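Have a look at entry_23.cif below; it lists mmCIF, C-alpha atoms and all ligand atoms.
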data_model
loop_
_atom_site.label_atom_id
_atom_site.label_comp_id
_atom_site.auth_asym_id
_atom_site.auth_seq_id
_atom_site.Cartn_x
_atom_site.Cartn_y
_atom_site.Cartn_z
CA MET A 665 -54.88 42.75 31.27
CA LYS A 666 -52.33 44.36 28.96
CA ASN A 667 -49.42 42.19 29.86
CA LYS A 668 -49.47 38.59 28.60
CA GLY A 669 -46.83 37.48 31.10
CA LEU A 670 -48.95 38.70 34.00
CA GLU A 671 -51.97 36.77 32.80
CA GLU A 672 -49.97 33.57 32.82
CA ILE A 673 -48.53 34.29 36.24
CA LEU A 674 -52.00 34.87 37.67
CA GLU A 675 -53.42 31.77 36.01
CA GLY A 676 -50.71 29.70 37.64
CA TYR A 677 -51.23 31.29 41.07
CA ALA A 678 -53.07 29.63 43.94
CA LEU A 679 -53.49 30.71 47.55
CA PRO A 680 -51.59 28.53 50.01
CA ALA A 681 -53.69 26.48 52.44
CA LYS A 682 -52.36 28.39 55.45
CA LEU A 683 -52.30 32.14 54.90
CA GLY A 684 -51.11 33.80 58.08
CA PHE A 685 -50.72 37.58 58.05
CA GLY A 686 -48.36 39.19 55.54
CA GLN A 687 -46.61 35.89 54.90
CA THR A 688 -47.76 35.10 51.38
CA LEU A 689 -46.70 37.65 48.81
CA ALA A 690 -48.95 38.22 45.82
CA PRO A 691 -47.38 37.57 42.40
CA VAL A 692 -47.89 41.12 41.06
CA MET A 693 -46.78 44.58 42.15
CA PHE A 694 -47.08 48.17 40.95
CA ARG A 695 -44.00 50.26 40.34
CA ALA A 696 -43.48 53.93 39.54
CA GLY A 697 -40.25 55.91 39.38
CA TYR A 698 -39.20 59.50 39.94
CA ARG A 699 -36.20 60.98 38.22
CA ASN A 700 -35.12 64.33 36.75
CA GLY A 701 -37.84 66.03 38.73
CA GLY A 702 -40.82 64.02 37.51
CA TRP A 703 -42.81 60.82 37.97
CA ASP A 704 -43.40 58.23 35.27
CA ALA A 705 -46.91 56.79 34.94
CA GLY A 706 -46.07 53.57 36.74
CA GLU A 707 -47.14 50.06 35.79
CA LEU A 708 -48.31 46.73 37.08
CA THR A 709 -45.55 44.11 36.85
CA ALA A 710 -44.74 40.63 38.05
CA TYR A 711 -43.62 40.50 41.69
CA ALA A 712 -39.84 40.15 41.55
CA PRO A 713 -36.68 41.32 43.30
CA ILE A 714 -35.72 44.82 42.27
CA ARG A 715 -32.29 46.07 41.26
CA ILE A 716 -31.00 48.74 43.57
CA ASP A 717 -27.77 50.71 43.77
CA PRO A 718 -25.80 49.68 46.88
CA ALA A 719 -25.34 53.37 47.72
CA ALA A 720 -29.10 54.11 47.48
CA THR A 721 -30.22 56.50 50.22
CA VAL A 722 -32.83 54.02 51.42
CA LEU A 723 -30.09 51.46 52.12
CA GLN A 724 -27.60 53.92 53.62
CA TYR A 725 -29.84 56.41 55.45
CA ALA A 726 -33.32 54.87 55.62
CA GLN A 727 -34.93 57.42 53.33
CA GLN A 728 -38.25 55.57 53.19
CA ALA A 729 -41.93 55.81 54.06
CA PHE A 730 -44.72 53.26 53.84
CA GLU A 731 -48.43 52.65 54.24
CA GLY A 732 -50.61 49.67 55.11
CA LEU A 733 -54.24 49.20 54.13
CA LYS A 734 -56.55 46.39 53.13
CA ALA A 735 -58.81 45.48 50.23
CA TYR A 736 -61.92 43.61 51.40
CA LYS A 737 -64.06 41.15 49.48
CA VAL A 738 -66.30 39.48 51.98
CA GLU A 739 -69.89 40.53 51.25
CA GLN A 740 -68.88 42.75 48.33
CA SER A 741 -69.10 41.58 44.72
CA SER A 742 -66.02 43.64 43.90
CA PRO A 743 -63.15 44.59 46.22
CA ALA A 744 -63.51 47.63 48.48
CA LEU A 745 -60.94 49.91 50.09
CA PHE A 746 -61.40 51.62 53.45
CA ARG A 747 -60.59 55.36 53.70
CA PRO A 748 -57.60 55.02 51.33
CA GLU A 749 -57.30 58.81 51.08
CA LEU A 750 -56.12 58.89 54.70
CA ASN A 751 -53.29 56.55 53.79
CA TYR A 752 -52.46 58.80 50.85
CA PHE A 753 -52.44 61.98 52.94
CA ARG A 754 -50.34 60.27 55.59
CA LEU A 755 -47.85 59.06 52.96
CA LEU A 756 -47.56 62.65 51.74
CA GLN A 757 -46.82 63.80 55.27
CA SER A 758 -44.26 61.03 55.87
CA SER A 759 -42.69 61.77 52.48
CA ARG A 760 -42.30 65.45 53.32
CA ARG A 761 -40.59 64.54 56.59
CA MET A 762 -38.23 62.25 54.67
CA CYS A 763 -37.54 64.88 51.95
CA MET A 764 -39.18 62.72 49.30
CA PRO A 765 -41.43 63.98 46.49
CA ALA A 766 -45.21 63.52 46.66
CA VAL A 767 -46.46 60.47 44.81
CA PRO A 768 -49.18 61.91 42.52
CA ALA A 769 -52.74 61.06 43.61
CA ASP A 770 -53.51 59.25 40.37
CA VAL A 771 -50.35 57.13 40.60
CA PHE A 772 -51.18 56.14 44.18
CA ALA A 773 -54.81 55.41 43.21
CA ARG A 774 -53.81 53.36 40.18
CA GLY A 775 -51.23 51.47 42.21
CA LEU A 776 -53.84 50.38 44.75
CA SER A 777 -56.47 49.74 42.13
CA GLU A 778 -54.39 47.78 39.63
CA VAL A 779 -52.83 45.50 42.24
CA THR A 780 -56.17 44.88 43.93
CA MET A 781 -58.12 44.24 40.74
CA ALA A 782 -55.45 41.92 39.30
CA LEU A 783 -55.75 39.89 42.50
CA ALA A 784 -59.53 40.16 42.92
CA ASP A 785 -59.97 36.39 42.59
CA PHE A 786 -57.37 35.75 45.27
CA ILE A 787 -58.74 37.93 48.04
CA PRO A 788 -59.74 35.53 50.78
CA GLY A 789 -63.37 36.10 51.74
CA GLY A 790 -63.65 34.99 55.36
CA SER A 791 -64.43 37.64 57.97
CA GLY A 792 -61.13 39.15 59.15
CA GLN A 793 -59.39 38.12 55.93
CA SER A 794 -58.30 40.57 53.23
CA LEU A 795 -55.70 41.58 50.72
CA TYR A 796 -53.14 43.55 52.72
CA LEU A 797 -51.66 46.33 50.57
CA ARG A 798 -48.26 47.81 51.26
CA PRO A 799 -47.48 50.98 49.27
CA PHE A 800 -44.00 52.38 49.94
CA LEU A 801 -41.66 55.04 48.68
CA MET A 802 -37.87 55.12 48.95
CA GLY A 803 -34.80 57.00 47.83
CA THR A 804 -33.03 54.93 45.21
CA GLY A 805 -30.40 57.39 43.97
CA PRO A 806 -26.81 56.65 45.07
CA CYS A 807 -25.32 59.14 47.50
CA LEU A 808 -22.89 58.56 50.36
CA SER A 809 -22.83 62.15 51.53
CA VAL A 810 -25.86 62.74 53.72
CA LYS A 811 -28.39 64.45 51.51
CA SER A 812 -31.65 63.60 49.88
CA SER A 813 -31.70 61.34 46.87
CA ASP A 814 -32.79 62.68 43.48
CA ALA A 815 -34.32 59.39 42.36
CA PHE A 816 -37.19 57.58 44.06
CA THR A 817 -39.16 54.39 43.60
CA PHE A 818 -42.78 53.87 44.62
CA LEU A 819 -44.00 50.29 44.91
CA VAL A 820 -47.24 48.63 45.93
CA ILE A 821 -46.90 45.01 47.00
CA ALA A 822 -49.68 42.89 48.47
CA SER A 823 -50.34 39.90 50.66
CA PRO A 824 -53.54 37.84 50.81
CA SER A 825 -53.91 37.60 54.56
CA ASP A 826 -55.68 36.06 57.49
CA THR A 827 -56.31 37.79 60.83
CA TYR A 828 -53.22 39.04 62.66
CA PHE A 829 -53.48 37.87 66.26
CA SER A 830 -55.75 35.04 67.30
CA GLN A 831 -55.12 35.52 71.04
CA PRO A 832 -55.31 38.54 73.34
CA ILE A 833 -51.82 40.02 73.54
CA ARG A 834 -49.41 40.63 76.42
CA VAL A 835 -47.51 43.89 76.37
CA MET A 836 -44.44 45.04 78.31
CA VAL A 837 -43.94 48.65 79.40
CA GLU A 838 -40.66 49.72 77.76
CA ARG A 839 -38.89 52.13 80.12
CA GLU A 840 -35.47 52.20 78.45
CA ASP A 841 -35.65 52.42 74.66
CA CYS A 842 -37.79 54.88 72.70
CA ARG A 843 -39.12 54.28 69.21
CA ALA A 844 -39.48 57.99 68.47
CA ALA A 845 -37.93 61.22 69.64
CA VAL A 846 -39.31 64.66 70.43
CA GLY A 847 -39.14 66.40 67.06
CA GLY A 848 -38.41 63.05 65.44
CA THR A 849 -40.42 60.87 63.12
CA GLY A 850 -42.85 59.16 65.51
CA ALA A 851 -45.90 60.65 63.79
CA ASP A 852 -44.68 59.48 60.39
CA LYS A 853 -44.97 55.98 59.01
CA VAL A 854 -41.32 55.31 58.26
CA GLY A 855 -39.23 52.17 58.41
CA GLY A 856 -36.69 53.74 60.76
CA ASN A 857 -39.25 53.85 63.60
CA TYR A 858 -39.60 50.11 63.28
CA ALA A 859 -35.85 49.56 63.17
CA ALA A 860 -35.63 51.48 66.45
CA SER A 861 -38.31 49.24 67.97
CA LEU A 862 -36.76 45.87 67.22
CA GLN A 863 -34.40 45.62 70.20
CA ALA A 864 -37.22 46.15 72.70
CA THR A 865 -39.47 43.79 70.78
CA THR A 866 -36.86 41.03 70.89
CA ALA A 867 -36.28 41.61 74.60
CA CYS A 868 -39.96 41.55 75.50
CA ILE A 869 -40.58 38.38 73.50
CA GLU A 870 -37.79 36.68 75.46
CA LEU A 871 -39.66 37.66 78.62
CA GLY A 872 -42.90 36.11 77.39
CA PHE A 873 -44.63 39.22 76.02
CA ASP A 874 -45.77 39.97 72.49
CA GLN A 875 -44.94 43.66 72.10
CA PRO A 876 -43.41 46.60 73.94
CA LEU A 877 -45.68 49.42 75.10
CA TRP A 878 -43.91 52.68 74.26
CA LEU A 879 -43.83 55.67 76.57
CA ASP A 880 -43.37 59.30 75.59
CA PRO A 881 -39.73 60.01 74.70
CA LYS A 882 -39.40 63.13 76.87
CA GLU A 883 -40.52 62.11 80.33
CA ARG A 884 -41.04 58.36 79.89
CA ARG A 885 -44.25 58.76 81.84
CA PHE A 886 -47.07 58.75 79.35
CA VAL A 887 -48.47 55.87 77.34
CA GLU A 888 -47.96 56.33 73.61
CA GLU A 889 -48.65 53.21 71.53
CA LEU A 890 -47.37 49.81 70.46
CA SER A 891 -44.87 49.51 67.61
CA GLY A 892 -47.58 49.37 64.95
CA MET A 893 -50.86 49.88 66.79
CA ASN A 894 -52.56 52.61 68.79
CA LEU A 895 -54.00 52.03 72.25
CA VAL A 896 -57.41 52.54 73.86
CA ALA A 897 -58.44 51.88 77.47
CA VAL A 898 -61.97 51.58 78.80
CA ILE A 899 -61.96 53.46 82.12
CA ASP A 900 -65.17 53.87 84.11
CA GLY A 901 -67.04 52.99 80.95
CA GLU A 902 -65.41 55.74 78.85
CA LEU A 903 -62.91 55.32 76.03
CA HIS A 904 -59.56 56.87 76.88
CA THR A 905 -56.73 57.08 74.36
CA PRO A 906 -53.40 58.89 74.31
CA ARG A 907 -53.75 62.24 72.56
CA LEU A 908 -51.71 62.60 69.37
CA SER A 909 -48.58 63.94 71.03
CA GLY A 910 -46.44 64.40 67.94
CA SER A 911 -44.54 61.15 68.51
CA ILE A 912 -47.61 58.92 68.05
CA LEU A 913 -48.66 57.62 64.65
CA PRO A 914 -52.18 58.89 63.86
CA GLY A 915 -53.87 55.61 62.97
CA VAL A 916 -56.76 55.33 60.52
CA THR A 917 -58.21 52.58 62.71
CA ARG A 918 -57.88 54.71 65.85
CA ASP A 919 -59.68 57.59 64.18
CA SER A 920 -62.42 55.33 62.80
CA LEU A 921 -63.05 53.52 66.10
CA LEU A 922 -63.27 56.80 68.02
CA GLU A 923 -65.74 58.11 65.45
CA LEU A 924 -67.82 54.93 65.67
CA ALA A 925 -67.82 55.10 69.46
CA ARG A 926 -68.88 58.77 69.49
CA ARG A 927 -71.68 57.95 67.11
CA GLU A 928 -72.89 55.26 69.51
CA GLY A 929 -73.01 57.93 72.22
CA GLN A 930 -69.92 56.74 74.05
CA THR A 931 -67.63 59.24 75.75
CA VAL A 932 -64.22 59.49 74.11
CA VAL A 933 -61.34 61.15 75.94
CA GLU A 934 -58.05 61.95 74.19
CA ARG A 935 -55.51 62.90 76.83
CA SER A 936 -52.03 62.37 78.23
CA MET A 937 -52.24 58.99 79.99
CA ALA A 938 -49.65 58.43 82.72
CA VAL A 939 -48.66 54.78 82.61
CA ASP A 940 -48.53 54.37 86.39
CA GLU A 941 -52.07 55.72 86.73
CA LEU A 942 -53.24 53.37 84.04
CA LEU A 943 -51.67 50.43 85.87
CA ASP A 944 -53.42 51.58 89.08
CA ASP A 945 -56.71 51.84 87.20
CA ILE A 946 -56.29 48.29 85.93
CA ARG A 947 -55.43 46.94 89.40
CA ALA A 948 -58.39 48.78 90.94
CA GLY A 949 -60.78 47.48 88.27
CA ARG A 950 -61.60 50.98 87.00
CA CYS A 951 -59.97 50.08 83.71
CA SER A 952 -62.00 47.14 82.47
CA GLU A 953 -60.47 46.82 79.02
CA PHE A 954 -57.31 47.80 77.23
CA PHE A 955 -56.87 47.14 73.54
CA ALA A 956 -54.65 47.89 70.58
CA CYS A 957 -55.93 48.92 67.16
CA GLY A 958 -54.47 49.16 63.70
CA THR A 959 -55.21 48.11 60.14
CA ALA A 960 -53.35 44.82 60.43
CA ALA A 961 -54.80 43.59 63.73
CA ILE A 962 -58.05 45.63 63.60
CA VAL A 963 -58.80 45.45 67.35
CA ALA A 964 -56.53 43.34 69.55
CA PRO A 965 -57.50 42.93 73.22
CA ILE A 966 -54.65 43.17 75.72
CA ALA A 967 -54.63 40.45 78.38
CA ALA A 968 -51.71 41.65 80.48
CA VAL A 969 -49.37 44.60 80.99
CA GLY A 970 -45.98 43.72 82.45
CA GLU A 971 -42.62 45.16 83.31
CA ARG A 972 -39.07 44.09 82.62
CA ASP A 973 -38.72 43.02 86.29
CA GLY A 974 -41.38 40.38 85.76
CA SER A 975 -44.33 42.07 87.51
CA VAL A 976 -47.58 41.79 85.57
CA VAL A 977 -51.11 43.15 85.87
CA GLU A 978 -53.81 41.10 84.18
CA LEU A 979 -56.95 42.47 82.58
CA PRO A 980 -60.37 40.86 82.82
CA ARG A 981 -61.16 38.64 79.85
CA THR A 982 -64.54 40.15 78.98
CA GLY A 983 -63.49 42.66 76.32
CA GLN A 984 -67.04 43.69 75.41
CA VAL A 985 -66.29 47.18 74.15
CA ALA A 986 -63.38 45.92 72.05
CA ALA A 987 -65.53 43.16 70.58
CA GLN A 988 -68.34 45.61 69.74
CA LEU A 989 -66.02 48.08 68.07
CA ARG A 990 -64.30 45.32 66.17
CA SER A 991 -67.62 44.10 64.75
CA ALA A 992 -68.78 47.64 64.02
CA ILE A 993 -65.73 48.51 61.93
CA LEU A 994 -65.59 45.09 60.25
CA ASP A 995 -69.30 45.32 59.36
CA ILE A 996 -68.54 48.47 57.38
CA GLN A 997 -65.25 47.25 55.91
CA GLU A 998 -66.68 43.90 54.88
CA GLY A 999 -69.90 45.36 53.47
CA ARG A 1000 -72.42 43.83 55.92
CA VAL A 1001 -74.05 47.14 56.79
CA ALA A 1002 -74.68 50.39 54.97
CA ASP A 1003 -71.65 52.65 55.35
CA PRO A 1004 -72.98 55.81 57.04
CA PHE A 1005 -69.66 57.64 56.74
CA GLY A 1006 -68.83 57.01 53.09
CA TRP A 1007 -65.64 55.33 54.25
CA THR A 1008 -65.54 52.54 51.70
CA THR A 1009 -64.92 52.85 48.02
CA GLU A 1010 -64.64 50.44 45.12
CA ALA A 1011 -61.06 49.50 44.34
CA GLY A 1012 -61.88 49.23 40.62
CA ASP A 1013 -62.94 52.87 40.28
CA VAL A 1014 -59.69 54.78 39.75
CA ALA A 1015 -61.45 58.09 39.06
CA ALA A 1016 -63.39 57.91 42.34
CA LEU A 1017 -60.25 56.89 44.21
CA THR A 1018 -58.23 59.72 42.71
CA SER A 1019 -60.87 62.31 43.52
CA ARG A 1020 -60.94 61.16 47.18
CA MET A 1021 -57.22 61.89 47.24
CA ARG A 1022 -57.59 65.54 46.36
CA PRO A 1023 -56.40 67.58 49.34
CA GLU A 1024 -59.75 69.44 49.58
CA SER A 1025 -61.42 66.25 50.75
CA GLU A 1026 -58.89 65.92 53.60
C1 LIG B 1101 -49.47 51.92 61.00
C2 LIG B 1101 -49.28 52.22 62.44
C3 LIG B 1101 -50.37 52.29 63.33
C4 LIG B 1101 -51.78 51.98 62.93
O1 LIG B 1101 -52.27 52.82 61.95
P1 LIG B 1101 -53.52 52.38 61.05
O2 LIG B 1101 -53.67 53.49 60.10
O3 LIG B 1101 -54.67 52.21 61.96
O4 LIG B 1101 -53.12 51.08 60.42
C5 LIG B 1101 -50.10 52.64 64.64
N1 LIG B 1101 -48.84 52.89 65.08
C6 LIG B 1101 -47.78 52.81 64.24
C7 LIG B 1101 -46.44 53.11 64.79
C8 LIG B 1101 -47.97 52.48 62.91
O5 LIG B 1101 -46.90 52.40 62.12
#
Now that the file is in, can you turn its structure into structure tokens?
Amino acid sequence: MKNKGLEEILEGYALPAKLGFGQTLAPVMFRAGYRNGGWDAGELTAYAPIRIDPAATVLQYAQQAFEGLKAYKVEQSSPALFRPELNYFRLLQSSRRMCMPAVPADVFARGLSEVTMALADFIPGGSGQSLYLRPFLMGTGPCLSVKSSDAFTFLVIASPSDTYFSQPIRVMVEREDCRAAVGGTGADKVGGNYAASLQATTACIELGFDQPLWLDPKERRFVEELSGMNLVAVIDGELHTPRLSGSILPGVTRDSLLELARREGQTVVERSMAVDELLDDIRAGRCSEFFACGTAAIVAPIAAVGERDGSVVELPRTGQVAAQLRSAILDIQEGRVADPFGWTTEAGDVAALTSRMRPESE
């Protein structure tokens, strides 16, 4: 490692006994800056608070976009990333929506690679454990009139993490608030969507649920997703998931699970899913499983779907399809089986990472 200070920091670092998810922050980060129309090369630095202008557009107007992916070192001798190009392409899309410049492919690749490789010895190796990587981009130029910043900062921070949920989750149908609007930013991974979700999350937790289940913003009739996870129901033995409506975040996990299921010969249906029909299907036993999926939680079975008035429908506890898909994706991510899709890639190989991020391979 080039930087003497970083070596010392890493030598003095130890994983805490209890990891949790996203709770322990790794002692290094990657930082690149954009000003006067161009990006600098970026560098690995010690994890530390950053100086920011109080009038920065990210603080005033939420000009921000982020990604979440994991580095795995379970069966692998060196850390692996899972479909990182999809995170890159999605960050480009979110950045465009937020009027932010594209982070160059090689800067994004080096950011992931340098953070992961510096922390290679601290990636917990139990199944379901990983190094959670959080790349994000924000407007850091000061401007109180509402317009795009001309200075931006790209950071990659990381968290050695355990599994996200240990229990099946309880969700509450949110019929008042929306996290995303028609023509809004629901399909982009931006902090503002999460800010808009917090009130409903707080309310549902007070009522004994874990997360709100969001409906479409136009008619409030169709199931969309959870605040940070997509949804899949098993109905009459088929996988049904809300089609990407424009206000749903297109998850890498969602896409990968659907692909895995199709490969196993399962029927996958992407459609508009009316929430009241889904509740009827659960009550009638036609819907045998309902689960959430995302990078953080992988596959999280849903035990109950409730309403603000206290009514609840419970799902059977079997969860076979969810369990199978969870093992199938983890087997690939954690290097237990050959990867038939070419989804994994070595975190240490910056050239290979960068070439995956060329738009042609999209
Ligand atoms: C990140 C995210 C997901 C899951 O996407 P993955 O790429 O599978 O991690 C789903 N919904 C929202 C709103 C998200 O922000």
Quiz item: How would you write, as an NGL selection string, the set of residues no farther than 7 Å from ligand LIG 1101 (chain B) when counting all atoms listed in the file?
Solution: :A and (731-733 or 853 or 889-894 or 912-918 or 957-960)
Exercise. Find the spatial neighbours of Thr849 in chain A, counting all atoms listed in the file, within a cut-off of 12 Å - ignore same-chain residues fewer than 5 positions away - and output them as number ranges by chain.
Key: A: 726-729, 757-762, 842-844, 854-858, 860, 881, 909-914
Self-check item: range 930-933 of chain A surroundings by all atoms listed in the file, 10 Å radius, close-in-sequence under 4 positions cut, as a VMD selection string
Solution: chain A and resid 896 to 899 901 to 907 922 to 926
Can I get the selection written as a compact mmCIF listing (two decimals), in the frame of the given file, with C-alpha atoms?
# COMPACT_ATOMS: atom_id res chain seq x y z
CA VAL A 896 -57.41 52.54 73.86
CA ALA A 897 -58.44 51.88 77.47
CA VAL A 898 -61.97 51.58 78.80
CA ILE A 899 -61.96 53.46 82.12
CA GLY A 901 -67.04 52.99 80.95
CA GLU A 902 -65.41 55.74 78.85
CA LEU A 903 -62.91 55.32 76.03
CA HIS A 904 -59.56 56.87 76.88
CA THR A 905 -56.73 57.08 74.36
CA PRO A 906 -53.40 58.89 74.31
CA ARG A 907 -53.75 62.24 72.56
CA LEU A 922 -63.27 56.80 68.02
CA GLU A 923 -65.74 58.11 65.45
CA LEU A 924 -67.82 54.93 65.67
CA ALA A 925 -67.82 55.10 69.46
CA ARG A 926 -68.88 58.77 69.49
Exercise. For Leu1017 in chain A, please output as a PyMOL selection string all residues within 12 Å (counting all atoms listed in the file; exclusion window: fewer than 6 positions along the same chain).
Key: chain A and resi 744-752+769-778+1007-1011+1025
Self-check item: Pick from A:Ser936, A:Ile714, A:Arg927, A:Tyr828 nearest to Pro1004 in chain A, counting only C-alpha atoms
Solution: A:Arg927
Exercise. Enter the distance from CA of Tyr796 in chain A to CA of Leu683 in chain A, in Å, rounded to one decimal.
Key: 11.6 Å
Quiz item: Can you find the residues with an atom no farther than 12 Å from (-22.7, 51.1, 45.6), counting only C-alpha atoms, and report them as a ChimeraX atom specification?
Solution: /A:715-721,723-724,804-808
Quiz item: So, counting only C-alpha atoms, which residue among A:Pro876, A:Leu895, A:Val722, A:Gly847 is closest to Val810 in chain A?
Solution: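 Closest residue, counting only C-alpha atoms: A:Val722.
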